[in-house]
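Contents: one structure, followed by commentary.
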Amino acid sequence: MIKKIFKRLGLKDKLLGLIVPFLLLIIWQGAVTKHLFSELLVVPPLTLLNTLIELAKSGDLSSNILASLNRVLIGFLIGASGGFILGIAMGLSPIINRTLSPLVKALQQVPEFAWMPVIILLFGIDEFAKNIFIAIGAFYPMLFNTYLGVSGVPDKYHELAQVYQYKSHRYLAKVILPSALPSIITGIRLSLGLSWVFVVGAEFFGTEAGVGFMMISGRQLFQIDVVMAGLVVIGTIGFLLNYVLQLLEKKLSGGRVAFDGGIA
Amino acid sequence: MSVEKGTLEIRNLSKSYVVDNNQLQILKNINITFPSGAFVSILGSSGCGKTTLLRIMLGLEKQYEGDALIDGEKIKGPGSNRGIVFQDHRLLPWLTVGENVAFGLDKLNRKEKKLLVDDHLKLVGLSGFENAYPSNLSGGMAQRVAIARALANKPEILLLDEPLGALDALTRMYMQKELERLWEFEKITMIMVTHDVEEAIYLSDKIVIMSSRPGVIKKVIDIPSARPRDRASSEFMHIKAEILKEFHLGTEYPFAYAI
C-alpha cells in the first residue's frame, strides 16, 4: 500500500536524496551533544527547529520571507523581461547579435557583487537599488536561454512560415515563441533561481526586512540560531521554487525540456 | 490570352550557384507545362535539381533565369494558390492535429476554420484525431495530416516533394492509392517530385524525366493507361522498362525473370 503511494508520487527516487541530509543532521546533533563544538557557535538541529518555530509563531519569519519574495519578484520581472526582449532581438537578427554579443559576454564576466558599489553610487541603498541588483542577476540566464531558443528554431519551421505567409507579430507568436518555449521556460527557472540567490546579498546592506536582514541582525545580536535559521529558510525556499518551476516546465513544454541545469 | 486555373508553366528556366568561384549549373533550359488538373511527376535521381525546381514553383527560390508562370502570371513568392507537402511531415509539435491543419487558415474565423479542418481530416481518413498531437501519430498518419493541411487552403496546385519518401514500402503503396483518390476528388493539379519509378507510373498522367549535372529534362512520357493501375500488368512493366532505360538501368530482356 505505502509502496504504491510512493511509486505514484515518484517518491522512491526522491527519498534517496533525503538520506544524506538526514545523516548530516544526526552527525551534527551528535557532534554538539558530545561537545565537539561549543553550542554557542554551532547550534544543534533541535534548537534550530525550536528557533524556526518561534520565528514562525511571532510572524517574523513570514513577514521577512514575504519582503524577500516581493523584492525577488520585482527584480526578476525587470531583469527577465530585459533578457527576454534582448534575447528575442539577438536570436532573430544576426546583425543585432553581432553588435551586442561581445558587450554582453564581457559584462557577464563581471561578478554580481562587483556591481554593488556601482549600484550604491547610482541608486543609493533604497528598495530600487536592491531590485536592480537582483535584476542584473536575473538578466543573463533569461537572455541566453531565450537567445538559444529563438536562434535554434529549425529552418524547416521558418520555411513553413514563409509558405503560409506568416509575418511579423503573427510569425513571432505562432512559430518562433512556441518553438523556443522549452528554452524560454528553462530561462525563467534559472533566472528566478538566481534572483532568489541574490536577494539575500541585496539585503546585506541597509534593509529593515527580508531573510537576509533577519540573518544580518541575528549576527549583530549574536543570535547564531537565527542566522542558521535564515540559511535553512533560504535553502528550502530556493529548492521549492526550483521544484515547482521544473514541474511547470515539464507541463508547459509537453516533455520538450531544453536544459535541466545539470542538476535535476 | 486566358489560361485555365491551375496551370503552371516553366519557360527557358536555368539556375546556377557560384561555389568557390565556380559556376555550378543546377537547372538548364527547362521547359514544361503542367496542365490544369493533371498529375505530373518529376522523376530523377538525387542531385538532378528536381527539388530546386519544385521550390521555384513554390516561390521559395527566387534567383533564376527564365520564367515560372502560374495561370499566366509570374510567381513572385509563396501564395495560397499552391499547397506543399514536404518529405518530412513538418507538423508543428506544439499544435494539435486540428490546429496544424488550420495553420494556413489563420485569417478565417473559428467556425469556418473548424468546418474546413473537419472536412479535410475526414477526407484523409483521420476524423476524430483533431485533438491528438503529432508525436502520437505514425509516419503515414502524420503525412496524411500534412496533406490535409495543404489541401485545407484550397490550392489550385498541390506540390509534393517526395511526400512518401520517408514511409515504409507497404504504407507507401497504400498512400499512393490515397493520393490518387484525393487527386480525383479535389480535381486539382498535382506536381510530385519523386525518385520512385513505380510511384510515378502509378500516379501520373505525365512523367518528366530529369538527369543530373546540369539538371535537364531528358524525356517526357505520357501515360494514358486507365486508373486504378495494376502494378503487375505488362503495360506497367513496359513503361517501367522504358523509364529505367533512360537511367541506363534497362536490360535487353526486361521480362527474363518472368519466363
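FYI, nothing fancy with the C-alpha cells labels: chains A, B, ... in order, residues from 1 per chain, ligands from 1 as they appear.
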
Using only C-alpha atoms, tabulate the residues of chain B lying at most 9 Å from any atom of chain A, each with its closest atom pair and that distance in Å to one decimal, by chain and increasing residue number, as a tab-separated table.
```
residue	atom	partner	partner_atom	distance
B:Leu58	CA	A:Val163	CA	7.7
B:Gly59	CA	A:Val163	CA	8.1
B:Leu60	CA	A:Val163	CA	7.5
B:Gly77	CA	A:Val163	CA	8.4
B:Pro78	CA	A:Val163	CA	5.2
B:Gly79	CA	A:Val163	CA	7.0
B:Ser80	CA	A:Tyr164	CA	7.3
B:Arg82	CA	A:Val163	CA	9.0
B:Gly83	CA	A:Val163	CA	8.3
B:Ile84	CA	A:Val163	CA	8.1
B:Arg90	CA	A:Lys156	CA	7.1
B:Leu91	CA	A:Tyr157	CA	8.8
B:Leu92	CA	A:Tyr157	CA	7.8
B:Pro93	CA	A:Ser179	CA	8.5
B:Trp94	CA	A:Pro178	CA	6.9
B:Phe103	CA	A:Tyr164	CA	7.8
B:Gly104	CA	A:Tyr164	CA	5.6
B:Leu105	CA	A:Tyr164	CA	8.9
```

From a DSSP calculation on the backbone, collect every residue of stretch 13-257 of chain A in helix (DSSP H, G or I) and output the set as a PDB file with C-alpha atoms, in the first residue's frame.
```pdb
ATOM      1  CA  ASP A  13      13.856   8.112  -6.122  1.00  0.00           C
ATOM      2  CA  LYS A  14      13.359  11.317  -4.201  1.00  0.00           C
ATOM      3  CA  LEU A  15      13.791   9.572  -0.839  1.00  0.00           C
ATOM      4  CA  LEU A  16      17.355   8.742  -1.883  1.00  0.00           C
ATOM      5  CA  GLY A  17      18.032  12.457  -1.938  1.00  0.00           C
ATOM      6  CA  LEU A  18      16.949  12.759   1.695  1.00  0.00           C
ATOM      7  CA  ILE A  19      19.339  10.149   3.082  1.00  0.00           C
ATOM      8  CA  VAL A  20      22.486  12.302   3.117  1.00  0.00           C
ATOM      9  CA  PRO A  21      20.840  15.422   4.633  1.00  0.00           C
ATOM     10  CA  PHE A  22      19.317  13.218   7.320  1.00  0.00           C
ATOM     11  CA  LEU A  23      22.658  11.602   8.156  1.00  0.00           C
ATOM     12  CA  LEU A  24      24.279  15.034   8.324  1.00  0.00           C
ATOM     13  CA  LEU A  25      21.619  16.156  10.790  1.00  0.00           C
ATOM     14  CA  ILE A  26      22.356  13.169  13.024  1.00  0.00           C
ATOM     15  CA  ILE A  27      26.131  13.749  12.880  1.00  0.00           C
ATOM     16  CA  TRP A  28      25.570  17.474  13.531  1.00  0.00           C
ATOM     17  CA  GLN A  29      23.336  16.814  16.550  1.00  0.00           C
ATOM     18  CA  GLY A  30      25.775  14.163  17.809  1.00  0.00           C
ATOM     19  CA  ALA A  31      28.803  16.446  17.457  1.00  0.00           C
ATOM     20  CA  VAL A  32      27.158  19.135  19.523  1.00  0.00           C
ATOM     21  CA  THR A  33      25.809  16.744  22.171  1.00  0.00           C
ATOM     22  CA  PRO A  45      19.409  20.944  14.887  1.00  0.00           C
ATOM     23  CA  LEU A  46      16.792  20.584  17.615  1.00  0.00           C
ATOM     24  CA  THR A  47      17.458  24.094  18.944  1.00  0.00           C
ATOM     25  CA  LEU A  48      17.343  25.337  15.376  1.00  0.00           C
ATOM     26  CA  LEU A  49      13.956  23.730  14.904  1.00  0.00           C
ATOM     27  CA  ASN A  50      12.746  25.485  18.060  1.00  0.00           C
ATOM     28  CA  THR A  51      14.052  28.815  16.798  1.00  0.00           C
ATOM     29  CA  LEU A  52      12.284  28.289  13.478  1.00  0.00           C
ATOM     30  CA  ILE A  53       9.033  27.543  15.274  1.00  0.00           C
ATOM     31  CA  GLU A  54       9.454  30.611  17.491  1.00  0.00           C
ATOM     32  CA  LEU A  55      10.202  32.811  14.473  1.00  0.00           C
ATOM     33  CA  ALA A  56       7.200  31.384  12.649  1.00  0.00           C
ATOM     34  CA  LYS A  57       4.932  31.929  15.658  1.00  0.00           C
ATOM     35  CA  SER A  58       5.972  35.536  16.160  1.00  0.00           C
ATOM     36  CA  ASP A  60       8.815  37.477  11.945  1.00  0.00           C
ATOM     37  CA  LEU A  61       9.571  34.638   9.611  1.00  0.00           C
ATOM     38  CA  SER A  62       6.625  35.090   7.274  1.00  0.00           C
ATOM     39  CA  SER A  63       6.972  38.871   7.104  1.00  0.00           C
ATOM     40  CA  ASN A  64      10.680  38.549   6.286  1.00  0.00           C
ATOM     41  CA  ILE A  65      10.050  35.866   3.677  1.00  0.00           C
ATOM     42  CA  LEU A  66       7.312  37.965   2.081  1.00  0.00           C
ATOM     43  CA  ALA A  67       9.578  41.011   1.995  1.00  0.00           C
ATOM     44  CA  SER A  68      12.276  38.980   0.257  1.00  0.00           C
ATOM     45  CA  LEU A  69       9.874  37.334  -2.189  1.00  0.00           C
ATOM     46  CA  ASN A  70       8.450  40.709  -3.095  1.00  0.00           C
ATOM     47  CA  ARG A  71      11.936  42.001  -3.857  1.00  0.00           C
ATOM     48  CA  VAL A  72      12.738  38.895  -5.878  1.00  0.00           C
ATOM     49  CA  LEU A  73       9.592  39.243  -7.921  1.00  0.00           C
ATOM     50  CA  ILE A  74      10.200  42.866  -8.879  1.00  0.00           C
ATOM     51  CA  GLY A  75      13.893  42.348  -9.598  1.00  0.00           C
ATOM     52  CA  PHE A  76      13.146  39.205 -11.570  1.00  0.00           C
ATOM     53  CA  LEU A  77      10.443  40.915 -13.628  1.00  0.00           C
ATOM     54  CA  ILE A  78      12.766  43.786 -14.534  1.00  0.00           C
ATOM     55  CA  GLY A  79      15.795  41.618 -15.334  1.00  0.00           C
ATOM     56  CA  ALA A  80      13.997  38.746 -17.021  1.00  0.00           C
ATOM     57  CA  SER A  81      11.870  40.993 -19.257  1.00  0.00           C
ATOM     58  CA  GLY A  82      15.034  42.772 -20.351  1.00  0.00           C
ATOM     59  CA  GLY A  83      16.735  39.454 -21.045  1.00  0.00           C
ATOM     60  CA  PHE A  84      13.667  38.118 -22.832  1.00  0.00           C
ATOM     61  CA  ILE A  85      13.329  41.074 -25.197  1.00  0.00           C
ATOM     62  CA  LEU A  86      17.048  41.304 -25.919  1.00  0.00           C
ATOM     63  CA  GLY A  87      17.209  37.515 -26.362  1.00  0.00           C
ATOM     64  CA  ILE A  88      14.474  37.618 -28.994  1.00  0.00           C
ATOM     65  CA  ALA A  89      16.130  40.526 -30.801  1.00  0.00           C
ATOM     66  CA  MET A  90      19.545  38.842 -30.795  1.00  0.00           C
ATOM     67  CA  GLY A  91      18.045  35.497 -31.770  1.00  0.00           C
ATOM     68  CA  LEU A  92      16.145  36.909 -34.724  1.00  0.00           C
ATOM     69  CA  PRO A  94      22.260  38.286 -36.741  1.00  0.00           C
ATOM     70  CA  ILE A  95      23.214  41.971 -37.011  1.00  0.00           C
ATOM     71  CA  ILE A  96      21.903  42.823 -33.537  1.00  0.00           C
ATOM     72  CA  ASN A  97      23.543  39.657 -32.257  1.00  0.00           C
ATOM     73  CA  ARG A  98      26.959  40.518 -33.689  1.00  0.00           C
ATOM     74  CA  THR A  99      26.673  44.104 -32.464  1.00  0.00           C
ATOM     75  CA  LEU A 100      25.755  43.295 -28.884  1.00  0.00           C
ATOM     76  CA  SER A 101      27.133  39.881 -28.077  1.00  0.00           C
ATOM     77  CA  PRO A 102      30.743  40.948 -27.298  1.00  0.00           C
ATOM     78  CA  LEU A 103      29.457  43.581 -24.847  1.00  0.00           C
ATOM     79  CA  VAL A 104      27.013  41.177 -23.233  1.00  0.00           C
ATOM     80  CA  LYS A 105      29.661  38.488 -22.872  1.00  0.00           C
ATOM     81  CA  ALA A 106      32.145  40.930 -21.354  1.00  0.00           C
ATOM     82  CA  LEU A 107      29.602  42.312 -18.869  1.00  0.00           C
ATOM     83  CA  GLN A 108      28.562  38.798 -17.933  1.00  0.00           C
ATOM     84  CA  GLU A 112      27.398  40.018  -9.433  1.00  0.00           C
ATOM     85  CA  PHE A 113      28.757  41.520  -6.213  1.00  0.00           C
ATOM     86  CA  ALA A 114      31.151  43.782  -8.117  1.00  0.00           C
ATOM     87  CA  TRP A 115      28.071  45.671  -9.256  1.00  0.00           C
ATOM     88  CA  MET A 116      27.226  46.524  -5.671  1.00  0.00           C
ATOM     89  CA  PRO A 117      29.395  49.683  -5.327  1.00  0.00           C
ATOM     90  CA  VAL A 118      28.259  50.935  -8.720  1.00  0.00           C
ATOM     91  CA  ILE A 119      24.613  50.390  -7.846  1.00  0.00           C
ATOM     92  CA  ILE A 120      25.021  52.098  -4.487  1.00  0.00           C
ATOM     93  CA  LEU A 121      26.668  55.090  -6.176  1.00  0.00           C
ATOM     94  CA  LEU A 122      23.972  55.328  -8.819  1.00  0.00           C
ATOM     95  CA  PHE A 123      20.826  54.363  -6.950  1.00  0.00           C
ATOM     96  CA  GLU A 127      14.462  49.473  -2.458  1.00  0.00           C
ATOM     97  CA  PHE A 128      15.036  50.275  -6.127  1.00  0.00           C
ATOM     98  CA  ALA A 129      18.781  49.695  -5.794  1.00  0.00           C
ATOM     99  CA  LYS A 130      18.065  46.199  -4.467  1.00  0.00           C
ATOM    100  CA  ASN A 131      15.664  45.491  -7.301  1.00  0.00           C
ATOM    101  CA  ILE A 132      18.326  46.489  -9.807  1.00  0.00           C
ATOM    102  CA  PHE A 133      20.917  44.295  -8.074  1.00  0.00           C
ATOM    103  CA  ILE A 134      18.587  41.298  -8.412  1.00  0.00           C
ATOM    104  CA  ALA A 135      17.595  42.272 -11.943  1.00  0.00           C
ATOM    105  CA  ILE A 136      21.216  42.102 -13.125  1.00  0.00           C
ATOM    106  CA  GLY A 137      21.456  38.534 -11.864  1.00  0.00           C
ATOM    107  CA  ALA A 138      18.124  37.577 -13.421  1.00  0.00           C
ATOM    108  CA  PHE A 139      19.013  39.153 -16.771  1.00  0.00           C
ATOM    109  CA  TYR A 140      21.682  36.783 -18.108  1.00  0.00           C
ATOM    110  CA  PRO A 141      20.089  33.328 -17.829  1.00  0.00           C
ATOM    111  CA  MET A 142      16.915  34.686 -19.386  1.00  0.00           C
ATOM    112  CA  LEU A 143      18.862  36.381 -22.183  1.00  0.00           C
ATOM    113  CA  PHE A 144      20.963  33.340 -23.061  1.00  0.00           C
ATOM    114  CA  ASN A 145      18.164  30.805 -22.923  1.00  0.00           C
ATOM    115  CA  THR A 146      15.763  32.971 -24.930  1.00  0.00           C
ATOM    116  CA  TYR A 147      18.513  33.581 -27.466  1.00  0.00           C
ATOM    117  CA  LEU A 148      19.260  29.863 -27.728  1.00  0.00           C
ATOM    118  CA  GLY A 149      15.593  29.025 -28.183  1.00  0.00           C
ATOM    119  CA  VAL A 150      14.887  31.704 -30.773  1.00  0.00           C
ATOM    120  CA  SER A 151      18.064  31.253 -32.817  1.00  0.00           C
ATOM    121  CA  ASP A 155      14.933  26.098 -40.765  1.00  0.00           C
ATOM    122  CA  LYS A 156      12.065  23.811 -41.712  1.00  0.00           C
ATOM    123  CA  TYR A 157       9.717  25.817 -39.480  1.00  0.00           C
ATOM    124  CA  HIS A 158      10.966  29.105 -40.941  1.00  0.00           C
ATOM    125  CA  GLU A 159      10.240  27.695 -44.368  1.00  0.00           C
ATOM    126  CA  LEU A 160       6.758  26.569 -43.353  1.00  0.00           C
ATOM    127  CA  ALA A 161       6.015  30.039 -42.012  1.00  0.00           C
ATOM    128  CA  GLN A 162       7.212  31.501 -45.304  1.00  0.00           C
ATOM    129  CA  VAL A 163       4.971  29.162 -47.307  1.00  0.00           C
ATOM    130  CA  SER A 168       5.992  39.956 -38.048  1.00  0.00           C
ATOM    131  CA  HIS A 169       3.988  39.501 -34.840  1.00  0.00           C
ATOM    132  CA  ARG A 170       1.991  36.532 -36.158  1.00  0.00           C
ATOM    133  CA  TYR A 171       5.241  34.816 -37.083  1.00  0.00           C
ATOM    134  CA  LEU A 172       6.669  35.561 -33.645  1.00  0.00           C
ATOM    135  CA  ALA A 173       3.574  34.430 -31.755  1.00  0.00           C
ATOM    136  CA  LYS A 174       2.686  31.347 -33.772  1.00  0.00           C
ATOM    137  CA  VAL A 175       6.053  29.926 -34.778  1.00  0.00           C
ATOM    138  CA  ILE A 176       9.098  31.469 -33.083  1.00  0.00           C
ATOM    139  CA  LEU A 177       7.936  31.664 -29.476  1.00  0.00           C
ATOM    140  CA  PRO A 178       6.205  28.250 -29.328  1.00  0.00           C
ATOM    141  CA  SER A 179       9.269  26.643 -30.865  1.00  0.00           C
ATOM    142  CA  ALA A 180      11.532  28.403 -28.369  1.00  0.00           C
ATOM    143  CA  LEU A 181       9.219  27.792 -25.401  1.00  0.00           C
ATOM    144  CA  PRO A 182      11.168  24.970 -23.702  1.00  0.00           C
ATOM    145  CA  SER A 183      14.302  27.118 -23.704  1.00  0.00           C
ATOM    146  CA  ILE A 184      12.401  30.176 -22.515  1.00  0.00           C
ATOM    147  CA  ILE A 185      10.886  28.292 -19.582  1.00  0.00           C
ATOM    148  CA  THR A 186      14.322  26.996 -18.629  1.00  0.00           C
ATOM    149  CA  GLY A 187      15.452  30.629 -18.726  1.00  0.00           C
ATOM    150  CA  ILE A 188      12.645  31.638 -16.378  1.00  0.00           C
ATOM    151  CA  ARG A 189      13.520  28.870 -13.935  1.00  0.00           C
ATOM    152  CA  LEU A 190      17.257  29.626 -13.841  1.00  0.00           C
ATOM    153  CA  SER A 191      16.616  33.356 -13.752  1.00  0.00           C
ATOM    154  CA  LEU A 192      14.156  33.163 -10.866  1.00  0.00           C
ATOM    155  CA  GLY A 193      16.507  30.804  -9.036  1.00  0.00           C
ATOM    156  CA  LEU A 194      19.379  33.294  -9.298  1.00  0.00           C
ATOM    157  CA  SER A 195      17.086  36.140  -8.212  1.00  0.00           C
ATOM    158  CA  TRP A 196      16.444  34.267  -5.006  1.00  0.00           C
ATOM    159  CA  VAL A 197      20.166  33.682  -4.503  1.00  0.00           C
ATOM    160  CA  PHE A 198      20.908  37.378  -4.952  1.00  0.00           C
ATOM    161  CA  VAL A 199      18.091  38.747  -2.823  1.00  0.00           C
ATOM    162  CA  VAL A 200      19.942  37.727   0.331  1.00  0.00           C
ATOM    163  CA  GLY A 201      23.023  39.536  -0.899  1.00  0.00           C
ATOM    164  CA  ALA A 202      20.954  42.593  -1.701  1.00  0.00           C
ATOM    165  CA  VAL A 211      15.502  36.933   5.145  1.00  0.00           C
ATOM    166  CA  GLY A 212      18.927  38.499   4.563  1.00  0.00           C
ATOM    167  CA  PHE A 213      18.087  41.274   7.027  1.00  0.00           C
ATOM    168  CA  MET A 214      16.984  38.671   9.552  1.00  0.00           C
ATOM    169  CA  MET A 215      20.372  36.974   9.293  1.00  0.00           C
ATOM    170  CA  ILE A 216      22.370  40.216   9.487  1.00  0.00           C
ATOM    171  CA  SER A 217      20.547  41.399  12.575  1.00  0.00           C
ATOM    172  CA  GLY A 218      20.873  37.885  14.055  1.00  0.00           C
ATOM    173  CA  ARG A 219      24.637  38.081  13.576  1.00  0.00           C
ATOM    174  CA  GLN A 220      24.822  41.558  15.113  1.00  0.00           C
ATOM    175  CA  ILE A 224      23.576  32.318  15.836  1.00  0.00           C
ATOM    176  CA  ASP A 225      20.392  30.239  15.810  1.00  0.00           C
ATOM    177  CA  VAL A 226      18.583  32.974  13.860  1.00  0.00           C
ATOM    178  CA  VAL A 227      21.444  33.156  11.360  1.00  0.00           C
ATOM    179  CA  MET A 228      21.296  29.409  10.848  1.00  0.00           C
ATOM    180  CA  ALA A 229      17.515  29.506  10.608  1.00  0.00           C
ATOM    181  CA  GLY A 230      17.981  32.015   7.795  1.00  0.00           C
ATOM    182  CA  LEU A 231      20.243  29.565   5.974  1.00  0.00           C
ATOM    183  CA  VAL A 232      17.653  26.808   6.273  1.00  0.00           C
ATOM    184  CA  VAL A 233      14.890  29.091   5.021  1.00  0.00           C
ATOM    185  CA  ILE A 234      16.928  30.283   2.037  1.00  0.00           C
ATOM    186  CA  GLY A 235      17.844  26.744   1.023  1.00  0.00           C
ATOM    187  CA  THR A 236      14.312  25.418   1.450  1.00  0.00           C
ATOM    188  CA  ILE A 237      12.592  28.194  -0.465  1.00  0.00           C
ATOM    189  CA  GLY A 238      15.189  28.065  -3.245  1.00  0.00           C
ATOM    190  CA  PHE A 239      14.674  24.328  -3.515  1.00  0.00           C
ATOM    191  CA  LEU A 240      10.879  24.647  -3.611  1.00  0.00           C
ATOM    192  CA  LEU A 241      11.000  27.426  -6.215  1.00  0.00           C
ATOM    193  CA  ASN A 242      13.154  25.306  -8.474  1.00  0.00           C
ATOM    194  CA  TYR A 243      10.987  22.245  -7.902  1.00  0.00           C
ATOM    195  CA  VAL A 244       7.715  23.973  -8.723  1.00  0.00           C
ATOM    196  CA  LEU A 245       9.186  25.649 -11.797  1.00  0.00           C
ATOM    197  CA  GLN A 246      10.591  22.347 -13.009  1.00  0.00           C
ATOM    198  CA  LEU A 247       7.131  20.791 -12.778  1.00  0.00           C
ATOM    199  CA  LEU A 248       5.720  23.756 -14.659  1.00  0.00           C
ATOM    200  CA  GLU A 249       8.481  23.442 -17.226  1.00  0.00           C
ATOM    201  CA  LYS A 250       7.629  19.805 -17.902  1.00  0.00           C
ATOM    202  CA  LYS A 251       3.933  20.542 -18.148  1.00  0.00           C
ATOM    203  CA  LEU A 252       4.124  23.601 -20.372  1.00  0.00           C
TER     204      LEU A 252
END
```

Item checked: Who sits within 9 Å of B:Leu8, only C-alpha atoms, same chain under 6 positions skipped, as a ChimeraX atom specification -> /B:32-36,57,68-72,157,189

Notebook entry, point to check: Which of these, B:His195, B:Lys240, B:His120, B:His248, has the shortest distance to B:Gly44 once you count only C-alpha atoms?
Noted result: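 The answer is B:His195, which sits nearest to B:Gly44.
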
Note to self: Between atom CA of B:Lys218 and atom CA of B:Gln23, what distance in Å does the model show, to one decimal?
What the structure shows: 21.8 Å

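Put simply, atom CA of B:Asp196 is 24.9 Å away from atom CA of B:Pro155.
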
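Between atom CA of B:Leu137 and atom CA of B:Arg172 lies a distance of 15.7 Å.
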
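Remark: for B:Arg149, the closest of the candidate residues B:Ser127, B:Gln176, B:Asn100, B:Ser211 is B:Asn100 (distances computed over only C-alpha atoms).
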
Check: Would you give me, as a list in words, the residues in stretch 193-255 of chain B that DSSP reads as strand (DSSP E)?
Finding: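 Taking stretch 193-255 of chain B and keeping strand (DSSP E) gives Val193, Thr194, Lys206, Ile207, Val208, Ile209, Met210, Ser211, Val216, Ile217, Lys218, Lys219, Val220, Ile221 and Asp222 of chain B.
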
Checklist line | Option closest in space to B:Ile75, from B:Asp20, B:Ile10, B:Lys50, B:Glu184 [counting only C-alpha atoms] | finding: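 So, comparing all the options, the nearest one is B:Ile10.
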